[in-house]
$ cat protein.cif   # mmCIF, C-alpha atoms, pLDDT in the B column; chains and numbers go by the auth columns
data_structure
loop_
_atom_site.group_PDB
_atom_site.id
_atom_site.type_symbol
_atom_site.label_atom_id
_atom_site.label_comp_id
_atom_site.label_asym_id
_atom_site.label_seq_id
_atom_site.Cartn_x
_atom_site.Cartn_y
_atom_site.Cartn_z
_atom_site.B_iso_or_equiv
_atom_site.auth_seq_id
_atom_site.auth_asym_id
ATOM 1 C CA MET A 1 -79.528 82.182 27.611 83.00 1 A
ATOM 2 C CA LEU A 2 -79.998 85.722 28.865 94.00 2 A
ATOM 3 C CA ASN A 3 -76.811 87.106 30.388 93.00 3 A
ATOM 4 C CA LYS A 4 -77.035 89.568 33.271 95.00 4 A
ATOM 5 C CA ARG A 5 -75.431 92.924 32.669 91.00 5 A
ATOM 6 C CA ILE A 6 -71.877 92.958 34.007 86.00 6 A
ATOM 7 C CA GLY A 7 -68.769 95.098 33.757 83.00 7 A
ATOM 8 C CA ASN A 8 -68.943 98.225 31.646 83.00 8 A
ATOM 9 C CA MET A 9 -72.336 97.498 30.079 89.00 9 A
ATOM 10 C CA TYR A 10 -75.008 100.239 30.013 93.00 10 A
ATOM 11 C CA LYS A 11 -76.598 100.478 33.454 92.00 11 A
ATOM 12 C CA PHE A 12 -80.077 100.799 31.960 94.00 12 A
ATOM 13 C CA ILE A 13 -79.685 97.313 30.439 96.00 13 A
ATOM 14 C CA ASP A 14 -80.718 94.277 32.508 97.00 14 A
ATOM 15 C CA TYR A 15 -79.586 91.513 30.161 97.00 15 A
ATOM 16 C CA THR A 16 -77.750 90.818 26.922 96.00 16 A
ATOM 17 C CA TRP A 17 -78.797 88.144 24.428 97.00 17 A
ATOM 18 C CA ASN A 18 -76.567 86.961 21.581 95.00 18 A
ATOM 19 C CA PRO A 19 -78.246 84.635 19.070 96.00 19 A
ATOM 20 C CA ILE A 20 -75.720 85.661 16.394 95.00 20 A
ATOM 21 C CA ARG A 21 -72.059 85.172 17.305 92.00 21 A
ATOM 22 C CA GLY A 22 -68.559 85.171 15.912 90.00 22 A
ATOM 23 C CA GLY A 23 -65.967 87.481 14.423 87.00 23 A
ATOM 24 C CA CYS A 24 -67.254 90.934 13.529 91.00 24 A
ATOM 25 C CA LEU A 25 -66.760 92.136 9.963 92.00 25 A
ATOM 26 C CA HIS A 26 -65.852 95.630 11.178 93.00 26 A
ATOM 27 C CA ASP A 27 -62.783 94.459 13.135 91.00 27 A
ATOM 28 C CA CYS A 28 -62.410 97.662 15.196 93.00 28 A
ATOM 29 C CA SER A 29 -59.108 97.529 17.063 89.00 29 A
ATOM 30 C CA TYR A 30 -60.581 98.541 20.415 90.00 30 A
ATOM 31 C CA CYS A 31 -63.452 96.015 20.474 88.00 31 A
ATOM 32 C CA TYR A 32 -63.658 94.364 23.894 77.00 32 A
ATOM 33 C CA MET A 33 -65.231 91.257 22.307 68.00 33 A
ATOM 34 C CA LYS A 34 -62.303 90.595 19.945 65.00 34 A
ATOM 35 C CA ARG A 35 -60.721 87.797 21.961 66.00 35 A
ATOM 36 C CA TYR A 36 -64.047 86.073 22.576 64.00 36 A
ATOM 37 C CA ASN A 37 -65.055 86.302 18.920 55.00 37 A
ATOM 38 C CA GLU A 38 -61.724 84.854 17.813 63.00 38 A
ATOM 39 C CA GLU A 39 -62.454 81.846 20.026 58.00 39 A
ATOM 40 C CA VAL A 40 -65.926 81.459 18.516 57.00 40 A
ATOM 41 C CA GLY A 41 -64.545 81.736 14.988 63.00 41 A
ATOM 42 C CA LYS A 42 -66.683 82.392 11.935 85.00 42 A
ATOM 43 C CA ILE A 43 -70.073 84.012 12.287 91.00 43 A
ATOM 44 C CA LEU A 44 -72.914 81.677 13.243 93.00 44 A
ATOM 45 C CA LEU A 45 -76.589 81.621 14.150 96.00 45 A
ATOM 46 C CA ALA A 46 -76.864 79.978 17.576 95.00 46 A
ATOM 47 C CA SER A 47 -80.050 77.941 17.034 95.00 47 A
ATOM 48 C CA TRP A 48 -80.187 76.849 20.676 95.00 48 A
ATOM 49 C CA GLU A 49 -80.687 80.473 21.736 96.00 49 A
ATOM 50 C CA PHE A 50 -84.218 80.371 20.330 97.00 50 A
ATOM 51 C CA ARG A 51 -85.251 78.312 23.345 95.00 51 A
ATOM 52 C CA THR A 52 -84.314 81.243 25.605 95.00 52 A
ATOM 53 C CA GLY A 53 -87.093 82.775 27.659 95.00 53 A
ATOM 54 C CA LEU A 54 -86.776 86.544 27.355 96.00 54 A
ATOM 55 C CA GLY A 55 -88.993 87.173 30.383 96.00 55 A
ATOM 56 C CA THR A 56 -91.165 90.241 30.947 96.00 56 A
ATOM 57 C CA GLY A 57 -90.388 93.832 31.802 96.00 57 A
ATOM 58 C CA ASN A 58 -86.702 93.429 31.026 97.00 58 A
ATOM 59 C CA SER A 59 -84.348 95.757 29.186 97.00 59 A
ATOM 60 C CA ILE A 60 -82.387 93.578 26.750 97.00 60 A
ATOM 61 C CA PHE A 61 -79.421 94.451 24.515 97.00 61 A
ATOM 62 C CA ILE A 62 -79.670 92.116 21.521 97.00 62 A
ATOM 63 C CA GLY A 63 -76.368 91.356 19.836 93.00 63 A
ATOM 64 C CA SER A 64 -73.846 92.817 22.255 92.00 64 A
ATOM 65 C CA SER A 65 -71.080 90.398 21.221 90.00 65 A
ATOM 66 C CA THR A 66 -70.927 91.100 17.476 92.00 66 A
ATOM 67 C CA ASP A 67 -72.550 93.557 15.067 95.00 67 A
ATOM 68 C CA MET A 68 -75.755 91.761 14.143 95.00 68 A
ATOM 69 C CA PHE A 69 -76.399 94.189 11.270 98.00 69 A
ATOM 70 C CA ALA A 70 -73.002 93.991 9.573 96.00 70 A
ATOM 71 C CA ASP A 71 -73.172 93.414 5.822 97.00 71 A
ATOM 72 C CA ASN A 72 -72.085 89.775 6.101 95.00 72 A
ATOM 73 C CA ILE A 73 -75.019 88.760 8.321 96.00 73 A
ATOM 74 C CA PRO A 74 -77.754 87.018 6.275 97.00 74 A
ATOM 75 C CA SER A 75 -81.067 88.879 6.285 98.00 75 A
ATOM 76 C CA GLY A 76 -82.852 85.651 7.192 98.00 76 A
ATOM 77 C CA TRP A 77 -80.865 85.398 10.422 97.00 77 A
ATOM 78 C CA ILE A 78 -81.746 88.940 11.436 98.00 78 A
ATOM 79 C CA LYS A 79 -85.418 88.381 10.619 98.00 79 A
ATOM 80 C CA LYS A 80 -85.451 85.213 12.737 98.00 80 A
ATOM 81 C CA VAL A 81 -84.131 87.171 15.724 98.00 81 A
ATOM 82 C CA LEU A 82 -86.641 89.982 15.258 98.00 82 A
ATOM 83 C CA ASP A 83 -89.508 87.503 14.783 98.00 83 A
ATOM 84 C CA TYR A 84 -88.587 85.678 17.979 97.00 84 A
ATOM 85 C CA CYS A 85 -88.422 88.864 20.043 97.00 85 A
ATOM 86 C CA TYR A 86 -91.726 90.118 18.655 97.00 86 A
ATOM 87 C CA GLN A 87 -93.602 86.847 19.002 96.00 87 A
ATOM 88 C CA THR A 88 -92.446 86.141 22.564 95.00 88 A
ATOM 89 C CA ASN A 89 -92.892 89.670 23.921 94.00 89 A
ATOM 90 C CA ASP A 90 -95.579 89.980 26.599 93.00 90 A
ATOM 91 C CA PRO A 91 -98.093 92.696 25.549 92.00 91 A
ATOM 92 C CA VAL A 92 -99.038 93.427 29.179 94.00 92 A
ATOM 93 C CA LYS A 93 -95.525 93.737 30.602 96.00 93 A
ATOM 94 C CA PRO A 94 -93.320 94.004 27.511 95.00 94 A
ATOM 95 C CA ASN A 95 -89.561 93.994 27.372 97.00 95 A
ATOM 96 C CA THR A 96 -87.657 96.946 25.977 95.00 96 A
ATOM 97 C CA PHE A 97 -84.870 96.183 23.486 97.00 97 A
ATOM 98 C CA LEU A 98 -81.685 97.837 22.291 98.00 98 A
ATOM 99 C CA LEU A 99 -80.267 97.179 18.822 98.00 99 A
ATOM 100 C CA GLN A 100 -76.845 98.711 18.159 98.00 100 A
ATOM 101 C CA SER A 101 -74.874 98.780 14.927 98.00 101 A
ATOM 102 C CA LYS A 102 -72.172 100.774 13.191 97.00 102 A
ATOM 103 C CA ASN A 103 -73.856 99.679 9.976 98.00 103 A
ATOM 104 C CA SER A 104 -76.996 101.664 10.760 98.00 104 A
ATOM 105 C CA LYS A 105 -78.112 101.767 7.123 98.00 105 A
ATOM 106 C CA ARG A 106 -78.949 98.068 7.546 98.00 106 A
ATOM 107 C CA PHE A 107 -81.647 99.030 10.074 98.00 107 A
ATOM 108 C CA LEU A 108 -83.518 100.541 7.133 98.00 108 A
ATOM 109 C CA GLU A 109 -83.942 97.087 5.606 98.00 109 A
ATOM 110 C CA PHE A 110 -86.043 96.006 8.593 98.00 110 A
ATOM 111 C CA LEU A 111 -87.990 99.133 9.560 98.00 111 A
ATOM 112 C CA ASN A 112 -91.256 97.577 8.370 97.00 112 A
ATOM 113 C CA HIS A 113 -90.862 94.701 10.826 97.00 113 A
ATOM 114 C CA PRO A 114 -93.325 95.266 13.716 97.00 114 A
ATOM 115 C CA PHE A 115 -90.613 94.572 16.266 97.00 115 A
ATOM 116 C CA MET A 116 -88.680 97.696 15.308 97.00 116 A
ATOM 117 C CA GLU A 117 -91.329 99.915 16.881 93.00 117 A
ATOM 118 C CA ARG A 118 -90.497 98.294 20.217 92.00 118 A
ATOM 119 C CA ALA A 119 -86.743 98.811 20.003 97.00 119 A
ATOM 120 C CA VAL A 120 -84.268 101.632 20.466 98.00 120 A
ATOM 121 C CA LEU A 121 -81.947 101.835 17.448 98.00 121 A
ATOM 122 C CA CYS A 122 -78.417 102.918 18.297 98.00 122 A
ATOM 123 C CA THR A 123 -75.257 103.625 16.376 98.00 123 A
ATOM 124 C CA THR A 124 -71.696 104.323 17.474 98.00 124 A
ATOM 125 C CA ILE A 125 -70.121 107.704 16.766 98.00 125 A
ATOM 126 C CA GLU A 126 -66.721 107.597 18.457 97.00 126 A
ATOM 127 C CA SER A 127 -65.653 110.827 16.740 98.00 127 A
ATOM 128 C CA ASN A 128 -66.574 112.949 13.755 98.00 128 A
ATOM 129 C CA ARG A 129 -63.173 111.874 12.383 98.00 129 A
ATOM 130 C CA PHE A 130 -62.585 108.488 10.782 97.00 130 A
ATOM 131 C CA TYR A 131 -59.498 106.690 12.082 97.00 131 A
ATOM 132 C CA PRO A 132 -58.837 103.950 9.483 96.00 132 A
ATOM 133 C CA ASP A 133 -56.226 102.077 11.523 95.00 133 A
ATOM 134 C CA ILE A 134 -58.641 101.886 14.458 95.00 134 A
ATOM 135 C CA MET A 135 -62.085 101.609 12.846 96.00 135 A
ATOM 136 C CA ASN A 136 -60.801 99.340 10.065 95.00 136 A
ATOM 137 C CA ASN A 137 -63.818 97.974 8.131 96.00 137 A
ATOM 138 C CA ALA A 138 -66.528 99.937 9.942 97.00 138 A
ATOM 139 C CA PRO A 139 -68.751 102.227 7.832 98.00 139 A
ATOM 140 C CA GLN A 140 -67.742 105.853 7.474 98.00 140 A
ATOM 141 C CA ILE A 141 -69.130 108.235 10.111 98.00 141 A
ATOM 142 C CA GLU A 142 -71.284 110.197 7.638 98.00 142 A
ATOM 143 C CA GLU A 143 -72.814 106.958 6.380 98.00 143 A
ATOM 144 C CA ARG A 144 -73.887 106.031 9.918 98.00 144 A
ATOM 145 C CA VAL A 145 -75.279 109.504 10.597 98.00 145 A
ATOM 146 C CA LYS A 146 -77.200 109.728 7.331 98.00 146 A
ATOM 147 C CA ALA A 147 -79.004 106.458 8.048 98.00 147 A
ATOM 148 C CA MET A 148 -79.832 107.452 11.623 98.00 148 A
ATOM 149 C CA GLU A 149 -81.167 110.780 10.394 98.00 149 A
ATOM 150 C CA GLU A 150 -83.556 108.936 8.091 98.00 150 A
ATOM 151 C CA ILE A 151 -84.564 106.467 10.809 98.00 151 A
ATOM 152 C CA ALA A 152 -85.314 109.243 13.310 98.00 152 A
ATOM 153 C CA GLY A 153 -87.237 111.135 10.631 98.00 153 A
ATOM 154 C CA LYS A 154 -89.576 108.140 10.323 97.00 154 A
ATOM 155 C CA GLY A 155 -90.369 108.353 14.039 97.00 155 A
ATOM 156 C CA PHE A 156 -88.252 105.497 15.409 98.00 156 A
ATOM 157 C CA LYS A 157 -86.464 105.829 18.756 98.00 157 A
ATOM 158 C CA THR A 158 -82.762 106.477 18.322 98.00 158 A
ATOM 159 C CA MET A 159 -79.676 106.556 20.537 98.00 159 A
ATOM 160 C CA VAL A 160 -76.010 107.389 19.952 98.00 160 A
ATOM 161 C CA THR A 161 -73.057 105.942 21.820 98.00 161 A
ATOM 162 C CA ALA A 162 -69.789 107.875 21.725 98.00 162 A
ATOM 163 C CA GLU A 163 -67.707 104.998 23.019 96.00 163 A
ATOM 164 C CA PRO A 164 -64.816 104.824 23.047 96.00 164 A
ATOM 165 C CA LEU A 165 -64.822 108.586 22.619 97.00 165 A
ATOM 166 C CA MET A 166 -61.817 109.671 20.569 97.00 166 A
ATOM 167 C CA GLU A 167 -60.382 113.064 19.675 98.00 167 A
ATOM 168 C CA PHE A 168 -63.014 115.080 17.807 98.00 168 A
ATOM 169 C CA ASP A 169 -63.898 118.516 16.448 98.00 169 A
ATOM 170 C CA LEU A 170 -66.461 119.968 18.833 98.00 170 A
ATOM 171 C CA ASP A 171 -68.846 121.806 16.501 98.00 171 A
ATOM 172 C CA GLU A 172 -68.920 119.033 13.919 98.00 172 A
ATOM 173 C CA MET A 173 -69.302 116.321 16.567 98.00 173 A
ATOM 174 C CA VAL A 174 -72.289 118.093 18.121 98.00 174 A
ATOM 175 C CA SER A 175 -73.812 118.688 14.690 98.00 175 A
ATOM 176 C CA ILE A 176 -73.651 115.080 13.497 98.00 176 A
ATOM 177 C CA ILE A 177 -75.014 113.705 16.771 98.00 177 A
ATOM 178 C CA LYS A 178 -77.861 116.208 16.689 98.00 178 A
ATOM 179 C CA ARG A 179 -78.788 115.033 13.180 98.00 179 A
ATOM 180 C CA CYS A 180 -79.457 111.566 14.635 98.00 180 A
ATOM 181 C CA LYS A 181 -82.127 113.049 16.956 98.00 181 A
ATOM 182 C CA PRO A 182 -81.094 110.707 19.799 98.00 182 A
ATOM 183 C CA ARG A 183 -83.170 110.346 22.945 97.00 183 A
ATOM 184 C CA LEU A 184 -79.947 109.510 24.751 98.00 184 A
ATOM 185 C CA VAL A 185 -76.231 109.907 24.093 98.00 185 A
ATOM 186 C CA ASN A 186 -73.817 107.617 25.908 97.00 186 A
ATOM 187 C CA ILE A 187 -70.265 108.771 26.623 97.00 187 A
ATOM 188 C CA GLY A 188 -67.699 106.045 27.321 95.00 188 A
ATOM 189 C CA ARG A 189 -63.945 105.547 27.340 93.00 189 A
ATOM 190 C CA ASN A 190 -61.673 102.834 25.965 90.00 190 A
ATOM 191 C CA THR A 191 -61.812 99.690 28.130 77.00 191 A
ATOM 192 C CA ARG A 192 -58.973 97.779 26.451 72.00 192 A
ATOM 193 C CA GLY A 193 -55.869 98.830 28.351 67.00 193 A
ATOM 194 C CA ASN A 194 -53.539 97.318 25.748 68.00 194 A
ATOM 195 C CA ILE A 195 -54.956 99.517 22.978 79.00 195 A
ATOM 196 C CA SER A 196 -53.923 103.183 22.800 88.00 196 A
ATOM 197 C CA LEU A 197 -56.461 105.586 21.310 94.00 197 A
ATOM 198 C CA PRO A 198 -56.333 109.336 20.548 95.00 198 A
ATOM 199 C CA GLU A 199 -58.360 110.594 23.498 94.00 199 A
ATOM 200 C CA PRO A 200 -59.712 114.137 23.925 96.00 200 A
ATOM 201 C CA PRO A 201 -58.813 116.258 26.960 95.00 201 A
ATOM 202 C CA SER A 202 -61.337 116.364 29.803 94.00 202 A
ATOM 203 C CA GLU A 203 -62.194 120.031 29.208 95.00 203 A
ATOM 204 C CA LYS A 204 -63.226 119.241 25.654 96.00 204 A
ATOM 205 C CA VAL A 205 -65.336 116.279 26.800 96.00 205 A
ATOM 206 C CA GLN A 206 -67.145 118.542 29.255 95.00 206 A
ATOM 207 C CA LYS A 207 -67.870 121.069 26.510 96.00 207 A
ATOM 208 C CA LEU A 208 -69.278 118.272 24.374 97.00 208 A
ATOM 209 C CA ILE A 209 -71.532 117.084 27.179 96.00 209 A
ATOM 210 C CA ASP A 210 -72.752 120.616 27.897 96.00 210 A
ATOM 211 C CA GLU A 211 -73.628 121.103 24.226 97.00 211 A
ATOM 212 C CA LEU A 212 -75.397 117.744 23.965 98.00 212 A
ATOM 213 C CA LYS A 213 -77.499 118.461 27.046 97.00 213 A
ATOM 214 C CA GLN A 214 -79.059 121.346 25.150 98.00 214 A
ATOM 215 C CA PHE A 215 -81.090 118.874 23.087 98.00 215 A
ATOM 216 C CA THR A 216 -80.912 115.383 24.616 98.00 216 A
ATOM 217 C CA LYS A 217 -80.117 113.304 27.697 98.00 217 A
ATOM 218 C CA VAL A 218 -76.501 112.311 28.303 97.00 218 A
ATOM 219 C CA ASN A 219 -75.266 109.237 30.134 95.00 219 A
ATOM 220 C CA VAL A 220 -71.616 109.277 31.209 95.00 220 A
ATOM 221 C CA LYS A 221 -70.308 105.806 31.968 93.00 221 A
ATOM 222 C CA ASP A 222 -68.263 105.256 35.099 91.00 222 A
ATOM 223 C CA ASN A 223 -65.180 104.520 33.010 88.00 223 A
ATOM 224 C CA ALA A 224 -65.434 107.998 31.421 91.00 224 A
ATOM 225 C CA LYS A 225 -65.497 109.805 34.749 87.00 225 A
ATOM 226 C CA VAL A 226 -61.701 109.572 34.890 83.00 226 A
ATOM 227 C CA TRP A 227 -61.890 112.589 32.600 81.00 227 A
ATOM 228 C CA SER A 228 -63.212 114.409 35.710 68.00 228 A
ATOM 229 C CA VAL A 229 -66.484 115.083 33.924 68.00 229 A
ATOM 230 C CA LYS A 230 -69.135 116.751 36.090 65.00 230 A
#

$ encode --input "protein.cif" --output "structure tokens"
Amino acid sequence: MLNKRIGNMYKFIDYTWNPIRGGCLHDCSYCYMKRYNEEVGKILLASWEFRTGLGTGNSIFIGSSTDMFADNIPSGWIKKVLDYCYQTNDPVKPNTFLLQSKNSKRFLEFLNHPFMERAVLCTTIESNRFYPDIMNNAPQIEERVKAMEEIAGKGFKTMVTAEPLMEFDLDEMVSIIKRCKPRLVNIGRNTRGNISLPEPPSEKVQKLIDELKQFTKVNVKDNAKVWSVK
């Protein structure tokens, strides 16, 4: 079923839809879905979800509960999801879709699918630095950026989420985000209170936002406003 946006989800999203579920290969320590995914267990394709009506004129985040483009997800599963979204989309009042992955190079495998022209492709860049004890099995930052650079160069709509934003180097952080050519950058903070992350000071966050606004739109989530960001 479609799930209405709740909690700290992007405010421009109406619904989430999760036809692929289970433990994420990347195993990032801060992931808010960790407990849920541990209950689900191993990764699975939820066949019953393909009876879900996606409606019309909705903004839908596909795969919010696990990384649908992680390397352990079968290509056939991903294609089935993309096929369903494309085939059920109303041409008169179409939905808009968000696909988000830290394994953005996997997007490249599906760029020829007609659905991809109707989606915004997003990757996470929490910092220009790689924190191995936090990001665990997630792809390296440069790997994510390089793929997004190629995707944007082919004319696809891109987005970057810096959530949870962690301590970064300002010039390099701005540079790698700019390479992704995002139409929007989301700034968010850690939502798992029992996980401590290396957070930047509020003055540095404001400088980052000011720099990003020179070339793209910036959305600051409510949970990031504790940094006293303007």

$ closest_residue --input "protein.cif" --among "A:Ile209, A:Leu108, A:Met68, A:Ala152" --to "Pro182 of chain A" --atoms "all atoms listed in the file"
A:Ala152

$ atom_distance --input "protein.cif" --atom1 "atom CA of Leu45 of chain A" --atom2 "atom CA of Tyr10 of chain A"
24.5 Å

$ closest_residue --input "protein.cif" --among "A:Glu109, A:Asp27, A:Glu163, A:Asp169" --to "Asn223 of chain A" --atoms "all atoms listed in the file"
A:Glu163

$ resolve_selection --input "protein.cif" --expression "the PyMOL selection byres ((chain A and resi 227) around 12)" --output "JSON, numbers by chain"
{"A": [165, 187, 188, 189, 190, 199, 200, 201, 202, 203, 204, 205, 206, 209, 220, 221, 222, 223, 224, 225, 226, 228, 229, 230]}

$ resolve_selection --input "protein.cif" --expression "the PyMOL selection byres ((chain A and resi 179) around 9)" --output "list in words"
Val145, Lys146, Met148, Glu149, Ala152, Val174, Ser175, Ile176, Ile177, Lys178, Cys180, Lys181 and Pro182 of chain A

$ residues_around --input "protein.cif" --residues "Thr16 of chain A" --least-positions-apart "3" --cutoff "7 Å" --atoms "all atoms listed in the file" --output "PyMOL selection string"
chain A and resi 2-5+60-62+64

$ write_last_selection --input "protein.cif" --atoms "C-alpha atoms" --output "PDB file, in the coordinates of the input"
ATOM      1  CA  LEU A   2     -79.998  85.722  28.865  1.00 94.00           C
ATOM      2  CA  ASN A   3     -76.811  87.106  30.388  1.00 93.00           C
ATOM      3  CA  LYS A   4     -77.035  89.568  33.271  1.00 95.00           C
ATOM      4  CA  ARG A   5     -75.431  92.924  32.669  1.00 91.00           C
ATOM      5  CA  ILE A  60     -82.387  93.578  26.750  1.00 97.00           C
ATOM      6  CA  PHE A  61     -79.421  94.451  24.515  1.00 97.00           C
ATOM      7  CA  ILE A  62     -79.670  92.116  21.521  1.00 97.00           C
ATOM      8  CA  SER A  64     -73.846  92.817  22.255  1.00 92.00           C
TER       9      SER A  64
END

$ decode --input "protein.cif" --residues "segment 184-209 of chain A" --atoms "N, CA and C atoms" --output "compact mmCIF listing (two decimals), in the first residue's frame"
# COMPACT_ATOMS: atom_id res chain seq x y z
N LEU A 184 17.90 20.22 -6.48
CA LEU A 184 17.59 20.49 -5.08
C LEU A 184 18.62 19.79 -4.21
N VAL A 185 19.02 20.46 -3.13
CA VAL A 185 19.85 19.83 -2.11
C VAL A 185 19.09 19.87 -0.80
N ASN A 186 18.95 18.72 -0.16
CA ASN A 186 18.28 18.62 1.12
C ASN A 186 19.33 18.60 2.24
N ILE A 187 19.08 19.38 3.28
CA ILE A 187 19.95 19.38 4.45
C ILE A 187 19.16 18.82 5.63
N GLY A 188 19.67 17.77 6.26
CA GLY A 188 18.98 17.16 7.39
C GLY A 188 19.96 16.75 8.47
N ARG A 189 19.45 16.50 9.65
CA ARG A 189 20.27 16.16 10.81
C ARG A 189 19.96 14.73 11.25
N ASN A 190 20.82 14.16 12.05
CA ASN A 190 20.62 12.82 12.58
C ASN A 190 19.32 12.74 13.38
N THR A 191 18.51 11.71 13.09
CA THR A 191 17.24 11.54 13.80
C THR A 191 17.29 10.41 14.82
N ARG A 192 18.38 9.67 14.87
CA ARG A 192 18.51 8.58 15.84
C ARG A 192 19.26 9.10 17.07
N GLY A 193 18.52 9.40 18.11
CA GLY A 193 19.10 10.00 19.30
C GLY A 193 20.13 9.14 19.99
N ASN A 194 20.08 7.82 19.77
CA ASN A 194 21.03 6.93 20.43
C ASN A 194 22.32 6.74 19.64
N ILE A 195 22.45 7.45 18.52
CA ILE A 195 23.64 7.36 17.69
C ILE A 195 24.31 8.73 17.67
N SER A 196 25.57 8.79 18.05
CA SER A 196 26.32 10.05 18.07
C SER A 196 27.12 10.17 16.78
N LEU A 197 26.96 11.32 16.10
CA LEU A 197 27.67 11.55 14.85
C LEU A 197 28.53 12.81 14.97
N PRO A 198 29.58 12.92 14.16
CA PRO A 198 30.42 14.12 14.16
C PRO A 198 29.72 15.25 13.40
N GLU A 199 29.04 16.11 14.11
CA GLU A 199 28.23 17.14 13.47
C GLU A 199 29.02 18.44 13.29
N PRO A 200 28.74 19.17 12.23
CA PRO A 200 29.40 20.47 12.01
C PRO A 200 28.76 21.55 12.86
N PRO A 201 29.48 22.63 13.13
CA PRO A 201 28.89 23.75 13.86
C PRO A 201 27.89 24.50 12.97
N SER A 202 26.96 25.20 13.59
CA SER A 202 25.89 25.86 12.83
C SER A 202 26.43 26.91 11.86
N GLU A 203 27.51 27.60 12.24
CA GLU A 203 28.06 28.62 11.35
C GLU A 203 28.56 28.00 10.05
N LYS A 204 29.13 26.83 10.16
CA LYS A 204 29.65 26.14 8.98
C LYS A 204 28.50 25.64 8.10
N VAL A 205 27.43 25.18 8.73
CA VAL A 205 26.25 24.74 7.97
C VAL A 205 25.67 25.92 7.19
N GLN A 206 25.61 27.08 7.83
CA GLN A 206 25.07 28.26 7.14
C GLN A 206 25.93 28.65 5.95
N LYS A 207 27.25 28.56 6.11
CA LYS A 207 28.14 28.85 4.98
C LYS A 207 27.90 27.87 3.84
N LEU A 208 27.71 26.61 4.17
CA LEU A 208 27.43 25.61 3.15
C LEU A 208 26.14 25.96 2.40
N ILE A 209 25.11 26.28 3.14
CA ILE A 209 23.83 26.61 2.51
C ILE A 209 23.96 27.84 1.61
